[in-house]
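Peer 1: Pasting in a structure now, in structure tokens, and then I'll have a few things to ask.
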Amino acid sequence: MNDVIYNATEQCFEALVTVHDGDRSRRYACAINAPMTMSFDQAAEGLTRQAERRHMGRGGMHSEIRNIKPSPRSGRPRFDPKAWLQSVAKLNGHRAA
């Protein structure tokens, strides 16, 4: 859950809640109507329950983040600038401009 805020105009607590599900994470913008005097723990619990209900129902607007593993390099070695400079220094009769 990120940045729980109280929206005084709408008289509700709001937060962006992330639900992790395997290799995917979904974020839901949640809001619960409550008085400003509600404790943070109660507000966080209500926002979490709302996000979980929406996640299980697969409904509503959400953003999705997939954990993508980087693909392996294509077999060529990494560029080593020190080794390259040493090879340039060993060139006979050639000068860099």
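In the structure tokens, each chain is lettered A, B, ... as it comes, each chain's residues begin at 1, and ligands are numbered from 1 in order of appearance.
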Can you pull out every residue from chain A that DSSP, working from the backbone, puts in alpha helix (DSSP H), and format the result as a list in words?
Peer 2: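 Of chain A, the ones in alpha helix (DSSP H) are Phe40, Asp41, Gln42, Ala43, Ala44, Glu45, Gly46, Leu47, Thr48, Arg49, Gln50, Ala51, Glu52, Arg53, Arg54, His55, Met56, Gly57, Pro81, Lys82, Ala83, Trp84, Leu85, Gln86, Ser87, Val88 and Ala89 of chain A.
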Peer 1: What parts of range 8-64 of chain A does DSSP call strand (DSSP E or B)? I'd like the answer as an NGL selection string.
Peer 2: :A and (12-21 or 24-33 or 63-64)
Peer 1: Between A:Ala89, A:Ala83, A:Leu16, A:Met61, which residue has the minimum interatomic distance to Val4 in chain A, considering only C-alpha atoms?
Peer 2: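 Of A:Ala89, A:Ala83, A:Leu16, A:Met61, the one nearest Val4 in chain A is A:Leu16, counting only C-alpha atoms.
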Peer 1: Determine, counting only C-alpha atoms, which protein, DNA and RNA residues have an atom within 9 Å of an atom of Tyr28 in chain A; residues of the same chain fewer than 3 positions away are not included. Present the result as a ChimeraX atom specification.
Peer 2: /A:15-19,50-51,54-55,60-63
Peer 1: Using only C-alpha atoms for the distances, tell me which of A:Ser71, A:Trp84, A:Asn7, A:Glu64 is nearest to Arg27 in chain A.
Peer 2: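 Result for the nearest residue to Arg27 in chain A: A:Glu64.
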Peer 1: Given the choices A:Leu91, A:Ile65, A:Leu47, A:Cys12, which gets closest to Ala29 in chain A if the distance is worked out from only C-alpha atoms?
Peer 2: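 That would be A:Leu47, the residue with the smallest distance to Ala29 in chain A.
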Peer 1: Tell me which of A:Thr48, A:Gln11, A:Arg78, A:Lys69 sits closest to Cys30 in chain A, counting only C-alpha atoms.
Peer 2: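 Nearest to Cys30 in chain A: A:Thr48.
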Peer 1: So how far away is CA of Arg53 in chain A from CA of His20 in chain A, in Å?
Peer 2: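 According to the coordinates, CA of His20 in chain A and CA of Arg53 in chain A are separated by 13.3 Å.
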Peer 1: Could you tell me how far CA of Met38 in chain A lies from CA of Glu10 in chain A, in Å and to one decimal?
Peer 2: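 CA of Glu10 in chain A lies 14.7 Å from CA of Met38 in chain A.
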